[in-house]
Each structure stands twice: as C-alpha cells, then as structure tokens.
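Here is the structure we will look at.
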Amino acid sequence: MRVGIGYDVHPFAEERRLVLGGVVVPFERGLTGWSDADVLTHAIIDALLGAASLGDIGGHFPPGDMKYKDISSLILLERVRDELAKNGWQVGNIDATIVAEQPMLGSFIGEMCLKLSNTLGIDVGRLSIKASSSAGLGFVGNGEGIEAQAVALIEAI
C-alpha cells in the first residue's frame, strides 16, 4: 500500500461555470484554470499520482497544451486511473476536503461522490468528501477562490 497527498487551489473567475468533483454547482462565478478548473478532482489526481510516484497533474496534463483546454477533469481522472492500473496499482480509498466560504456545498457532496467513484471504478463507500470553510481567513475566507486537499491510499493489484 502507498499513500499520497494532493492539494490544489484556483481563484474565482467571472463567466466560468463552477465545477467541483465533476458536478456543475450553481454559482455566479467559476474558477480560473486551463481545464474546467475542478479543484477537487485536481487534488485527487495529485494524491493518486503522488502515491504511485508518477509525478503530478501538470506533468501529465500541461497547462497551455490545447488538447486540455476546457477539458473535463473527470477525463483526466480516467486517464490517471488507467495509468495507475498500467503500473500495477488500484485505488484503495480517498478522503478529500473542499474549502470554500461560498457557495454552500453540502447538498452537492453525494453527487460528487457518485461521479468520482464511478470514474475511478470504486465503490462509493471508499470515497469521502467533506466541505469546510476557512472561517473568513486568507484568500478563501476573503471569497477569492476555492482550495481542496486529498489523501489517497493505493494498493498493488
């Protein structure tokens, strides 16, 4: 077994949709990024890649490469899942936290878990997502963006 940690942060942007865990969340702003800027899925991708010693998301899907422009991060997660399998690994479990002052995310967590677990081919009970705030502190507390953290356990196939 191996464990990896992932972290990602994106600032808010006007005229973008907000995508978290593959779910479009109704909100007046989205996140800035080359892909769909799904901060949660990006943190999970980095945790999985780190656990398998396969680098990071930027190395696999470089920003600026047109084939990744506005791509769904669930497609990137599928590719990481396949890369893990190719290297003899499978997902054991994932625990992730989204940190945002707004919007309120509680009612979207179940759908995020379903989309991510289906993409990874794991039972939904092996994926935990929590939403938290930063109590008004820092750039997230000031409403400037959203961050996410993830821990992934992978196991040899």
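Each chain of the structure tokens is named A, B, ... in the order shown, its residues numbered from 1; ligands are numbered from 1 in display order.
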
Using only C-alpha atoms, which residues sit within 9 Å of Ile44 in chain A once same-chain residues fewer than 3 positions away are excluded, as a short mmCIF file (atom, residue, chain, number, x, y, z; two decimals) with N, CA, C and O atoms, in the first residue's frame?
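Generated file (around.cif):
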```
data_model
loop_
_atom_site.label_atom_id
_atom_site.label_comp_id
_atom_site.auth_asym_id
_atom_site.auth_seq_id
_atom_site.Cartn_x
_atom_site.Cartn_y
_atom_site.Cartn_z
N ILE A 5 -0.70 12.60 -1.07
CA ILE A 5 -1.42 13.80 -0.67
C ILE A 5 -1.53 14.72 -1.88
O ILE A 5 -0.56 14.90 -2.62
N GLY A 6 -2.71 15.30 -2.07
CA GLY A 6 -2.90 16.26 -3.15
C GLY A 6 -3.49 17.55 -2.63
O GLY A 6 -4.26 17.55 -1.67
N TYR A 7 -3.10 18.63 -3.27
CA TYR A 7 -3.60 19.96 -2.91
C TYR A 7 -3.77 20.76 -4.19
O TYR A 7 -2.92 20.67 -5.09
N ASP A 8 -4.84 21.53 -4.28
CA ASP A 8 -5.00 22.43 -5.41
C ASP A 8 -5.80 23.64 -4.97
O ASP A 8 -6.55 23.57 -3.99
N VAL A 39 -11.08 22.00 -8.92
CA VAL A 39 -10.06 21.97 -7.88
C VAL A 39 -10.09 20.67 -7.07
O VAL A 39 -9.05 20.15 -6.67
N LEU A 40 -11.28 20.13 -6.82
CA LEU A 40 -11.39 18.89 -6.06
C LEU A 40 -10.79 17.71 -6.83
O LEU A 40 -9.97 16.95 -6.30
N THR A 41 -11.19 17.57 -8.08
CA THR A 41 -10.67 16.46 -8.88
C THR A 41 -9.16 16.60 -9.08
O THR A 41 -8.44 15.60 -9.07
N ALA A 47 -3.04 13.44 -5.53
CA ALA A 47 -2.87 12.47 -4.45
C ALA A 47 -2.60 11.08 -5.03
O ALA A 47 -1.71 10.36 -4.57
N LEU A 48 -3.35 10.69 -6.06
CA LEU A 48 -3.16 9.38 -6.69
C LEU A 48 -1.81 9.28 -7.38
O LEU A 48 -1.09 8.28 -7.23
N LEU A 49 -1.46 10.30 -8.15
CA LEU A 49 -0.16 10.28 -8.84
C LEU A 49 0.99 10.26 -7.84
O LEU A 49 1.97 9.54 -8.02
N LEU A 77 -9.04 12.30 -14.78
CA LEU A 77 -9.06 11.30 -13.71
C LEU A 77 -9.13 9.89 -14.28
O LEU A 77 -8.47 8.98 -13.76
N ILE A 94 -10.10 7.20 -0.84
CA ILE A 94 -9.75 8.62 -0.96
C ILE A 94 -10.55 9.39 0.08
O ILE A 94 -11.74 9.15 0.26
N ASP A 95 -9.88 10.33 0.73
CA ASP A 95 -10.52 11.25 1.65
C ASP A 95 -10.16 12.66 1.18
O ASP A 95 -8.97 12.96 1.02
N ALA A 96 -11.14 13.51 0.93
CA ALA A 96 -10.88 14.85 0.40
C ALA A 96 -11.71 15.90 1.12
O ALA A 96 -12.80 15.60 1.64
N ALA A 148 -8.72 22.70 -2.31
CA ALA A 148 -9.09 21.32 -1.98
C ALA A 148 -7.85 20.54 -1.60
O ALA A 148 -6.75 20.80 -2.11
N GLN A 149 -8.05 19.60 -0.71
CA GLN A 149 -6.98 18.71 -0.25
C GLN A 149 -7.49 17.27 -0.34
O GLN A 149 -8.68 17.03 -0.14
N ALA A 150 -6.59 16.36 -0.65
CA ALA A 150 -7.00 14.95 -0.76
C ALA A 150 -5.88 14.04 -0.29
O ALA A 150 -4.70 14.35 -0.47
N VAL A 151 -6.27 12.94 0.29
CA VAL A 151 -5.35 11.86 0.66
C VAL A 151 -5.87 10.61 -0.03
O VAL A 151 -7.07 10.32 0.03
N ALA A 152 -4.97 9.90 -0.70
CA ALA A 152 -5.37 8.68 -1.41
C ALA A 152 -4.50 7.51 -0.95
O ALA A 152 -3.30 7.64 -0.80
#
```

Inset, instruction - Show which residues sit within 10 Å of Glu14 in chain A, as a ChimeraX atom specification. Count only C-alpha atoms, and ignore same-chain residues fewer than 5 positions away. - result: /A:28-32

Could you turn the residues from that selection into a file that holds N, CA, C and O atoms, as a short mmCIF file (atom, residue, chain, number, x, y, z; two decimals), in the first residue's frame?
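What ended up in again06.cif:
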```cif
data_model
loop_
_atom_site.label_atom_id
_atom_site.label_comp_id
_atom_site.auth_asym_id
_atom_site.auth_seq_id
_atom_site.Cartn_x
_atom_site.Cartn_y
_atom_site.Cartn_z
N GLU A 28 -22.50 32.24 -9.10
CA GLU A 28 -22.28 33.34 -10.04
C GLU A 28 -20.87 33.39 -10.62
O GLU A 28 -20.63 34.11 -11.59
N ARG A 29 -19.94 32.64 -10.06
CA ARG A 29 -18.57 32.62 -10.58
C ARG A 29 -18.08 31.18 -10.66
O ARG A 29 -18.51 30.33 -9.90
N GLY A 30 -17.16 30.96 -11.57
CA GLY A 30 -16.47 29.68 -11.65
C GLY A 30 -15.04 29.87 -11.21
O GLY A 30 -14.72 30.85 -10.52
N LEU A 31 -14.18 28.96 -11.59
CA LEU A 31 -12.77 29.02 -11.21
C LEU A 31 -11.90 29.18 -12.45
O LEU A 31 -12.19 28.64 -13.51
N THR A 32 -10.81 29.91 -12.28
CA THR A 32 -9.84 30.11 -13.35
C THR A 32 -8.99 28.87 -13.50
O THR A 32 -8.54 28.30 -12.51
#
```

Residues of chain A in helix (DSSP H, G or I) according to DSSP, as a short mmCIF file (atom, residue, chain, number, x, y, z; two decimals) with all heavy atoms, in the first residue's frame?
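Result went into states_24.cif, see below:
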```cif
data_model
loop_
_atom_site.label_atom_id
_atom_site.label_comp_id
_atom_site.auth_asym_id
_atom_site.auth_seq_id
_atom_site.Cartn_x
_atom_site.Cartn_y
_atom_site.Cartn_z
N VAL A 39 -11.08 22.00 -8.92
CA VAL A 39 -10.06 21.97 -7.88
C VAL A 39 -10.09 20.67 -7.07
O VAL A 39 -9.05 20.15 -6.67
CB VAL A 39 -10.19 23.24 -6.99
CG1 VAL A 39 -11.47 23.23 -6.20
CG2 VAL A 39 -9.00 23.45 -6.11
N LEU A 40 -11.28 20.13 -6.82
CA LEU A 40 -11.39 18.89 -6.06
C LEU A 40 -10.79 17.71 -6.83
O LEU A 40 -9.97 16.95 -6.30
CB LEU A 40 -12.85 18.60 -5.72
CG LEU A 40 -13.13 17.24 -5.07
CD1 LEU A 40 -12.40 17.09 -3.74
CD2 LEU A 40 -14.63 17.04 -4.89
N THR A 41 -11.19 17.57 -8.08
CA THR A 41 -10.67 16.46 -8.88
C THR A 41 -9.16 16.60 -9.08
O THR A 41 -8.44 15.60 -9.07
CB THR A 41 -11.42 16.37 -10.22
OG1 THR A 41 -12.82 16.23 -9.94
CG2 THR A 41 -10.96 15.18 -11.05
N HIS A 42 -8.68 17.82 -9.23
CA HIS A 42 -7.23 18.03 -9.39
C HIS A 42 -6.47 17.59 -8.14
O HIS A 42 -5.40 16.97 -8.25
CB HIS A 42 -6.94 19.49 -9.69
CG HIS A 42 -7.44 19.94 -11.02
ND1 HIS A 42 -7.23 21.22 -11.49
CD2 HIS A 42 -8.14 19.29 -11.98
CE1 HIS A 42 -7.79 21.34 -12.69
NE2 HIS A 42 -8.36 20.18 -13.00
N ALA A 43 -6.99 17.89 -6.96
CA ALA A 43 -6.33 17.46 -5.72
C ALA A 43 -6.32 15.93 -5.63
O ALA A 43 -5.31 15.33 -5.23
CB ALA A 43 -7.03 18.06 -4.50
N ILE A 44 -7.41 15.29 -6.03
CA ILE A 44 -7.47 13.82 -6.02
C ILE A 44 -6.47 13.24 -7.02
O ILE A 44 -5.76 12.28 -6.71
CB ILE A 44 -8.91 13.34 -6.29
CG1 ILE A 44 -9.80 13.68 -5.09
CG2 ILE A 44 -8.95 11.85 -6.60
CD1 ILE A 44 -11.29 13.48 -5.33
N ILE A 45 -6.40 13.82 -8.20
CA ILE A 45 -5.43 13.35 -9.20
C ILE A 45 -4.01 13.44 -8.65
O ILE A 45 -3.24 12.49 -8.77
CB ILE A 45 -5.57 14.16 -10.51
CG1 ILE A 45 -6.85 13.76 -11.25
CG2 ILE A 45 -4.34 14.01 -11.40
CD1 ILE A 45 -7.19 14.65 -12.44
N ASP A 46 -3.66 14.57 -8.04
CA ASP A 46 -2.31 14.70 -7.49
C ASP A 46 -2.04 13.72 -6.35
O ASP A 46 -0.93 13.19 -6.23
CB ASP A 46 -2.05 16.13 -7.04
CG ASP A 46 -1.36 16.96 -8.12
OD1 ASP A 46 -0.84 16.39 -9.10
OD2 ASP A 46 -1.32 18.19 -7.97
N ALA A 47 -3.04 13.44 -5.53
CA ALA A 47 -2.87 12.47 -4.45
C ALA A 47 -2.60 11.08 -5.03
O ALA A 47 -1.71 10.36 -4.57
CB ALA A 47 -4.10 12.44 -3.55
N LEU A 48 -3.35 10.69 -6.06
CA LEU A 48 -3.16 9.38 -6.69
C LEU A 48 -1.81 9.28 -7.38
O LEU A 48 -1.09 8.28 -7.23
CB LEU A 48 -4.29 9.10 -7.68
CG LEU A 48 -5.68 8.90 -7.06
CD1 LEU A 48 -6.76 8.94 -8.14
CD2 LEU A 48 -5.73 7.61 -6.26
N LEU A 49 -1.46 10.30 -8.15
CA LEU A 49 -0.16 10.28 -8.84
C LEU A 49 0.99 10.26 -7.84
O LEU A 49 1.97 9.54 -8.02
CB LEU A 49 -0.04 11.50 -9.76
CG LEU A 49 -0.92 11.50 -11.00
CD1 LEU A 49 -0.87 12.86 -11.69
CD2 LEU A 49 -0.51 10.39 -11.97
N GLY A 50 0.86 11.04 -6.77
CA GLY A 50 1.90 11.06 -5.75
C GLY A 50 2.07 9.72 -5.06
O GLY A 50 3.18 9.26 -4.83
N ALA A 51 0.96 9.06 -4.76
CA ALA A 51 1.03 7.76 -4.10
C ALA A 51 1.76 6.74 -4.97
O ALA A 51 2.49 5.89 -4.47
CB ALA A 51 -0.38 7.25 -3.78
N ILE A 57 -0.06 16.43 -11.70
CA ILE A 57 -1.04 16.71 -12.74
C ILE A 57 -0.47 17.57 -13.86
O ILE A 57 -0.74 17.35 -15.03
CB ILE A 57 -2.32 17.34 -12.13
CG1 ILE A 57 -3.45 17.40 -13.16
CG2 ILE A 57 -2.03 18.69 -11.50
CD1 ILE A 57 -4.79 17.81 -12.58
N GLY A 58 0.35 18.56 -13.52
CA GLY A 58 0.94 19.44 -14.52
C GLY A 58 1.89 18.72 -15.46
O GLY A 58 2.01 19.07 -16.63
N GLY A 59 2.57 17.70 -14.96
CA GLY A 59 3.46 16.91 -15.80
C GLY A 59 2.72 16.03 -16.78
O GLY A 59 3.18 15.79 -17.90
N HIS A 60 1.56 15.54 -16.37
CA HIS A 60 0.77 14.66 -17.23
C HIS A 60 -0.14 15.44 -18.19
O HIS A 60 -0.39 14.99 -19.31
CB HIS A 60 -0.09 13.71 -16.37
CG HIS A 60 0.70 12.64 -15.73
ND1 HIS A 60 0.81 11.37 -16.25
CD2 HIS A 60 1.45 12.64 -14.58
CE1 HIS A 60 1.58 10.64 -15.46
NE2 HIS A 60 1.98 11.38 -14.45
N MET A 66 -3.19 22.72 -25.89
CA MET A 66 -4.56 22.92 -26.37
C MET A 66 -5.46 21.69 -26.22
O MET A 66 -6.67 21.84 -26.12
CB MET A 66 -4.54 23.38 -27.84
CG MET A 66 -4.08 24.82 -28.00
SD MET A 66 -4.98 26.02 -26.97
CE MET A 66 -6.62 25.91 -27.66
N LYS A 67 -4.88 20.49 -26.18
CA LYS A 67 -5.75 19.32 -26.05
C LYS A 67 -6.40 19.22 -24.66
O LYS A 67 -7.32 18.45 -24.46
CB LYS A 67 -5.03 18.03 -26.42
CG LYS A 67 -3.88 17.64 -25.55
CD LYS A 67 -3.20 16.40 -26.11
CE LYS A 67 -1.81 16.27 -25.55
NZ LYS A 67 -1.02 15.29 -26.26
N TYR A 68 -5.91 20.03 -23.72
CA TYR A 68 -6.50 20.03 -22.38
C TYR A 68 -7.32 21.28 -22.10
O TYR A 68 -7.86 21.43 -21.00
CB TYR A 68 -5.42 19.85 -21.31
CG TYR A 68 -4.62 18.60 -21.53
CD1 TYR A 68 -3.25 18.66 -21.77
CD2 TYR A 68 -5.23 17.36 -21.56
CE1 TYR A 68 -2.53 17.50 -22.01
CE2 TYR A 68 -4.52 16.20 -21.81
CZ TYR A 68 -3.16 16.28 -22.03
OH TYR A 68 -2.45 15.14 -22.27
N SER A 73 -12.23 17.50 -16.04
CA SER A 73 -11.23 16.86 -15.17
C SER A 73 -11.56 15.41 -14.90
O SER A 73 -10.67 14.63 -14.52
CB SER A 73 -11.09 17.65 -13.87
OG SER A 73 -10.53 18.92 -14.15
N LEU A 74 -12.81 15.00 -15.11
CA LEU A 74 -13.15 13.58 -14.97
C LEU A 74 -12.45 12.76 -16.06
O LEU A 74 -12.07 11.61 -15.82
CB LEU A 74 -14.66 13.36 -15.02
CG LEU A 74 -15.46 13.94 -13.86
CD1 LEU A 74 -16.95 13.63 -14.03
CD2 LEU A 74 -14.96 13.44 -12.52
N ILE A 75 -12.26 13.32 -17.24
CA ILE A 75 -11.50 12.63 -18.29
C ILE A 75 -10.05 12.47 -17.86
O ILE A 75 -9.44 11.41 -18.04
CB ILE A 75 -11.60 13.39 -19.63
CG1 ILE A 75 -13.04 13.33 -20.15
CG2 ILE A 75 -10.62 12.83 -20.66
CD1 ILE A 75 -13.31 14.22 -21.35
N LEU A 76 -9.50 13.50 -17.24
CA LEU A 76 -8.12 13.41 -16.74
C LEU A 76 -8.03 12.36 -15.64
O LEU A 76 -7.06 11.59 -15.59
CB LEU A 76 -7.66 14.77 -16.23
CG LEU A 76 -7.75 15.95 -17.20
CD1 LEU A 76 -7.24 17.23 -16.55
CD2 LEU A 76 -7.02 15.66 -18.49
N LEU A 77 -9.04 12.30 -14.78
CA LEU A 77 -9.06 11.30 -13.71
C LEU A 77 -9.13 9.89 -14.28
O LEU A 77 -8.47 8.98 -13.76
CB LEU A 77 -10.23 11.58 -12.76
CG LEU A 77 -10.32 10.69 -11.52
CD1 LEU A 77 -9.09 10.82 -10.64
CD2 LEU A 77 -11.59 11.03 -10.74
N GLU A 78 -9.91 9.69 -15.33
CA GLU A 78 -9.96 8.38 -16.00
C GLU A 78 -8.57 7.97 -16.49
O GLU A 78 -8.16 6.82 -16.35
CB GLU A 78 -10.90 8.41 -17.21
CG GLU A 78 -12.35 8.42 -16.90
CD GLU A 78 -13.21 8.55 -18.16
OE1 GLU A 78 -12.68 8.76 -19.27
OE2 GLU A 78 -14.44 8.44 -18.01
N ARG A 79 -7.86 8.92 -17.08
CA ARG A 79 -6.52 8.63 -17.60
C ARG A 79 -5.55 8.29 -16.48
O ARG A 79 -4.70 7.40 -16.64
CB ARG A 79 -6.02 9.81 -18.43
CG ARG A 79 -6.84 9.98 -19.70
CD ARG A 79 -6.38 11.14 -20.53
NE ARG A 79 -7.29 11.32 -21.66
CZ ARG A 79 -7.22 12.34 -22.50
NH1 ARG A 79 -6.30 13.28 -22.34
NH2 ARG A 79 -8.09 12.44 -23.49
N VAL A 80 -5.68 8.97 -15.35
CA VAL A 80 -4.84 8.66 -14.19
C VAL A 80 -5.19 7.27 -13.65
O VAL A 80 -4.30 6.48 -13.32
CB VAL A 80 -4.97 9.75 -13.11
CG1 VAL A 80 -4.34 9.32 -11.80
CG2 VAL A 80 -4.34 11.04 -13.61
N ARG A 81 -6.48 6.95 -13.56
CA ARG A 81 -6.91 5.61 -13.14
C ARG A 81 -6.27 4.54 -14.03
O ARG A 81 -5.73 3.55 -13.53
CB ARG A 81 -8.43 5.52 -13.23
CG ARG A 81 -9.00 4.15 -12.91
CD ARG A 81 -10.38 3.94 -13.49
NE ARG A 81 -10.31 3.95 -14.95
CZ ARG A 81 -11.29 4.31 -15.76
NH1 ARG A 81 -12.45 4.69 -15.27
NH2 ARG A 81 -11.15 4.29 -17.07
N ASP A 82 -6.29 4.76 -15.34
CA ASP A 82 -5.70 3.80 -16.28
C ASP A 82 -4.18 3.72 -16.12
O ASP A 82 -3.59 2.63 -16.22
CB ASP A 82 -6.06 4.16 -17.72
CG ASP A 82 -7.56 4.04 -17.99
OD1 ASP A 82 -8.28 3.42 -17.18
OD2 ASP A 82 -8.00 4.57 -19.03
N GLU A 83 -3.55 4.85 -15.86
CA GLU A 83 -2.09 4.88 -15.66
C GLU A 83 -1.73 4.13 -14.38
O GLU A 83 -0.73 3.39 -14.34
CB GLU A 83 -1.60 6.32 -15.60
CG GLU A 83 -0.10 6.47 -15.55
CD GLU A 83 0.61 6.06 -16.84
OE1 GLU A 83 -0.02 6.00 -17.91
OE2 GLU A 83 1.81 5.77 -16.75
N LEU A 84 -2.53 4.29 -13.34
CA LEU A 84 -2.29 3.53 -12.11
C LEU A 84 -2.36 2.03 -12.38
O LEU A 84 -1.46 1.28 -11.97
CB LEU A 84 -3.32 3.90 -11.04
CG LEU A 84 -3.21 5.26 -10.37
CD1 LEU A 84 -4.39 5.48 -9.44
CD2 LEU A 84 -1.90 5.42 -9.63
N ALA A 85 -3.41 1.59 -13.08
CA ALA A 85 -3.58 0.17 -13.39
C ALA A 85 -2.41 -0.35 -14.21
O ALA A 85 -1.91 -1.45 -13.97
CB ALA A 85 -4.90 -0.06 -14.11
N LYS A 86 -1.98 0.44 -15.18
CA LYS A 86 -0.84 0.06 -16.03
C LYS A 86 0.43 -0.16 -15.20
O LYS A 86 1.28 -0.97 -15.55
CB LYS A 86 -0.62 1.15 -17.08
CG LYS A 86 0.45 0.86 -18.10
CD LYS A 86 0.46 1.94 -19.16
CE LYS A 86 1.78 2.66 -19.07
NZ LYS A 86 1.89 3.79 -19.99
N GLY A 106 -22.84 21.38 0.79
CA GLY A 106 -23.35 20.16 1.40
C GLY A 106 -24.30 19.36 0.53
O GLY A 106 -24.23 18.13 0.47
N SER A 107 -25.20 20.03 -0.17
CA SER A 107 -26.20 19.31 -0.96
C SER A 107 -25.64 18.72 -2.25
O SER A 107 -26.33 17.95 -2.92
CB SER A 107 -27.38 20.23 -1.28
OG SER A 107 -26.95 21.31 -2.08
N PHE A 108 -24.39 19.02 -2.58
CA PHE A 108 -23.77 18.50 -3.80
C PHE A 108 -22.78 17.37 -3.55
O PHE A 108 -22.30 16.74 -4.48
CB PHE A 108 -23.05 19.64 -4.55
CG PHE A 108 -23.96 20.75 -4.95
CD1 PHE A 108 -24.07 21.88 -4.16
CD2 PHE A 108 -24.74 20.65 -6.09
CE1 PHE A 108 -24.94 22.91 -4.51
CE2 PHE A 108 -25.60 21.68 -6.45
CZ PHE A 108 -25.70 22.80 -5.66
N ILE A 109 -22.46 17.12 -2.29
CA ILE A 109 -21.42 16.14 -1.94
C ILE A 109 -21.78 14.74 -2.42
O ILE A 109 -20.93 14.03 -2.98
CB ILE A 109 -21.16 16.14 -0.42
CG1 ILE A 109 -20.64 17.51 0.05
CG2 ILE A 109 -20.20 15.02 -0.02
CD1 ILE A 109 -19.30 17.92 -0.47
N GLY A 110 -23.01 14.31 -2.24
CA GLY A 110 -23.42 12.96 -2.67
C GLY A 110 -23.21 12.75 -4.16
O GLY A 110 -22.68 11.72 -4.59
N GLU A 111 -23.61 13.73 -4.97
CA GLU A 111 -23.43 13.62 -6.42
C GLU A 111 -21.95 13.61 -6.80
O GLU A 111 -21.53 12.89 -7.70
CB GLU A 111 -24.16 14.77 -7.12
CG GLU A 111 -24.17 14.64 -8.63
CD GLU A 111 -24.92 15.78 -9.33
OE1 GLU A 111 -25.51 16.65 -8.66
OE2 GLU A 111 -24.89 15.78 -10.57
N MET A 112 -21.14 14.43 -6.10
CA MET A 112 -19.69 14.42 -6.35
C MET A 112 -19.11 13.04 -6.07
O MET A 112 -18.32 12.52 -6.86
CB MET A 112 -18.99 15.46 -5.47
CG MET A 112 -19.27 16.88 -5.82
SD MET A 112 -18.41 17.97 -4.64
CE MET A 112 -19.33 19.48 -4.84
N CYS A 113 -19.50 12.46 -4.95
CA CYS A 113 -19.00 11.12 -4.59
C CYS A 113 -19.37 10.09 -5.66
O CYS A 113 -18.54 9.26 -6.03
CB CYS A 113 -19.55 10.69 -3.23
SG CYS A 113 -18.81 11.54 -1.83
N LEU A 114 -20.61 10.16 -6.15
CA LEU A 114 -21.04 9.22 -7.18
C LEU A 114 -20.25 9.40 -8.48
O LEU A 114 -19.77 8.42 -9.06
CB LEU A 114 -22.53 9.37 -7.47
CG LEU A 114 -23.47 8.78 -6.43
CD1 LEU A 114 -24.91 9.16 -6.75
CD2 LEU A 114 -23.33 7.26 -6.37
N LYS A 115 -20.09 10.62 -8.93
CA LYS A 115 -19.37 10.87 -10.19
C LYS A 115 -17.91 10.43 -10.08
O LYS A 115 -17.38 9.79 -10.98
CB LYS A 115 -19.45 12.35 -10.58
CG LYS A 115 -20.79 12.72 -11.19
CD LYS A 115 -20.72 14.08 -11.84
CE LYS A 115 -22.06 14.43 -12.43
NZ LYS A 115 -22.12 14.24 -13.86
N LEU A 116 -17.28 10.78 -8.99
CA LEU A 116 -15.86 10.44 -8.82
C LEU A 116 -15.65 8.94 -8.63
O LEU A 116 -14.74 8.36 -9.22
CB LEU A 116 -15.26 11.23 -7.65
CG LEU A 116 -15.14 12.73 -7.90
CD1 LEU A 116 -14.88 13.46 -6.58
CD2 LEU A 116 -14.04 13.03 -8.90
N SER A 117 -16.50 8.31 -7.82
CA SER A 117 -16.34 6.86 -7.61
C SER A 117 -16.63 6.09 -8.90
O SER A 117 -15.92 5.12 -9.21
CB SER A 117 -17.21 6.37 -6.46
OG SER A 117 -18.58 6.54 -6.73
N ASN A 118 -17.63 6.52 -9.67
CA ASN A 118 -17.90 5.87 -10.95
C ASN A 118 -16.73 6.03 -11.91
O ASN A 118 -16.36 5.09 -12.62
CB ASN A 118 -19.18 6.43 -11.59
CG ASN A 118 -20.43 5.94 -10.89
OD1 ASN A 118 -20.42 4.92 -10.21
ND2 ASN A 118 -21.51 6.68 -11.04
N THR A 119 -16.15 7.22 -11.94
CA THR A 119 -15.00 7.46 -12.82
C THR A 119 -13.81 6.59 -12.42
O THR A 119 -13.11 6.06 -13.28
CB THR A 119 -14.60 8.95 -12.77
OG1 THR A 119 -15.72 9.74 -13.20
CG2 THR A 119 -13.41 9.24 -13.67
N LEU A 120 -13.61 6.42 -11.13
CA LEU A 120 -12.48 5.62 -10.65
C LEU A 120 -12.78 4.12 -10.64
O LEU A 120 -11.88 3.31 -10.48
CB LEU A 120 -12.10 6.06 -9.23
CG LEU A 120 -11.42 7.42 -9.15
CD1 LEU A 120 -11.37 7.89 -7.70
CD2 LEU A 120 -10.03 7.37 -9.77
N VAL A 124 -18.65 3.63 -3.90
CA VAL A 124 -18.80 4.98 -3.37
C VAL A 124 -18.41 5.06 -1.89
O VAL A 124 -17.99 6.12 -1.41
CB VAL A 124 -20.23 5.52 -3.62
CG1 VAL A 124 -21.25 4.81 -2.75
CG2 VAL A 124 -20.29 7.02 -3.46
N GLY A 125 -18.49 3.95 -1.19
CA GLY A 125 -18.10 3.92 0.22
C GLY A 125 -16.60 4.04 0.45
O GLY A 125 -16.16 4.19 1.59
N ARG A 126 -15.81 4.02 -0.61
CA ARG A 126 -14.36 4.17 -0.48
C ARG A 126 -13.90 5.58 -0.80
O ARG A 126 -12.71 5.84 -0.93
CB ARG A 126 -13.67 3.16 -1.39
CG ARG A 126 -13.91 1.74 -0.88
CD ARG A 126 -13.54 0.62 -1.80
NE ARG A 126 -12.30 0.76 -2.50
CZ ARG A 126 -11.96 0.03 -3.55
NH1 ARG A 126 -12.79 -0.90 -3.99
NH2 ARG A 126 -10.83 0.20 -4.16
N GLY A 138 -7.71 34.26 5.20
CA GLY A 138 -6.95 34.05 3.98
C GLY A 138 -7.74 34.32 2.71
O GLY A 138 -8.85 34.86 2.74
N PHE A 139 -7.14 33.93 1.56
CA PHE A 139 -7.77 34.20 0.27
C PHE A 139 -9.11 33.47 0.12
O PHE A 139 -10.04 34.01 -0.47
CB PHE A 139 -6.83 33.85 -0.89
CG PHE A 139 -6.57 32.38 -1.03
CD1 PHE A 139 -7.34 31.60 -1.87
CD2 PHE A 139 -5.55 31.77 -0.32
CE1 PHE A 139 -7.12 30.25 -1.99
CE2 PHE A 139 -5.32 30.42 -0.44
CZ PHE A 139 -6.10 29.66 -1.27
N VAL A 140 -9.23 32.26 0.66
CA VAL A 140 -10.51 31.55 0.59
C VAL A 140 -11.53 32.27 1.46
O VAL A 140 -12.67 32.50 1.04
CB VAL A 140 -10.36 30.07 1.01
CG1 VAL A 140 -11.72 29.40 1.13
CG2 VAL A 140 -9.50 29.32 0.01
N GLY A 141 -11.13 32.65 2.65
CA GLY A 141 -12.02 33.37 3.55
C GLY A 141 -12.47 34.71 3.01
O GLY A 141 -13.57 35.17 3.30
#
```

Inset, instruction - Fewer than 5 positions away in the same chain doesn't count, so skip those; otherwise give me all residues within 12 Å of Gly33 in chain A, counting only C-alpha atoms, as number ranges by chain. - result: A: 8-14, 16-19, 38-39, 42, 58, 62-64, 68-73, 145

Legend entry - Atom-to-atom span, CA of Gly22 in chain A and CA of Gly121 in chain A, Å: 14.7 Å

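CA of Ser128 in chain A sits 12.2 Å away from CA of Leu153 in chain A.
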
Legend entry - Counting only C-alpha atoms, the option among A:Val25, A:Ile154, A:Glu101, A:Leu137 closest to Arg2 in chain A: A:Ile154

Inset, instruction - Go through range 49-142 of chain A and collect every residue that DSSP, computed from the backbone, puts in strand (DSSP E or B); the answer should be as a list of chain:residue names. - result: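 Of range 49-142 of chain A, only A:Trp89, A:Gln90, A:Val91, A:Gly92, A:Asn93, A:Ile94, A:Asp95, A:Ala96, A:Thr97, A:Ile98, A:Val99, A:Leu127, A:Ser128, A:Ile129, A:Lys130, A:Ala131, A:Ser132 fall in strand (DSSP E or B).
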
Take the residues from that selection and write them out as a compact mmCIF listing (two decimals), in the first residue's frame, keeping C-alpha atoms.
```
# COMPACT_ATOMS: atom_id res chain seq x y z
CA TRP A 89 -1.99 -0.05 -8.68
CA GLN A 90 -5.66 0.30 -7.77
CA VAL A 91 -7.43 2.85 -5.60
CA GLY A 92 -7.96 1.74 -2.01
CA ASN A 93 -9.73 4.83 -0.72
CA ILE A 94 -9.75 8.62 -0.96
CA ASP A 95 -10.52 11.25 1.65
CA ALA A 96 -10.88 14.85 0.40
CA THR A 97 -11.88 18.25 1.71
CA ILE A 98 -13.09 21.28 -0.25
CA VAL A 99 -12.50 24.62 1.47
CA LEU A 127 -14.57 7.89 -1.23
CA SER A 128 -15.17 10.59 1.36
CA ILE A 129 -15.66 14.26 0.52
CA LYS A 130 -16.15 16.96 3.10
CA ALA A 131 -16.84 20.68 2.70
CA SER A 132 -15.44 23.25 5.08
```

Legend entry - Closest of A:Pro26, A:Gly143, A:Gly4, A:Gly136 to Leu54 in chain A - atom-to-atom distances counting only C-alpha atoms: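 Smallest distance to Leu54 in chain A is found for A:Gly4.
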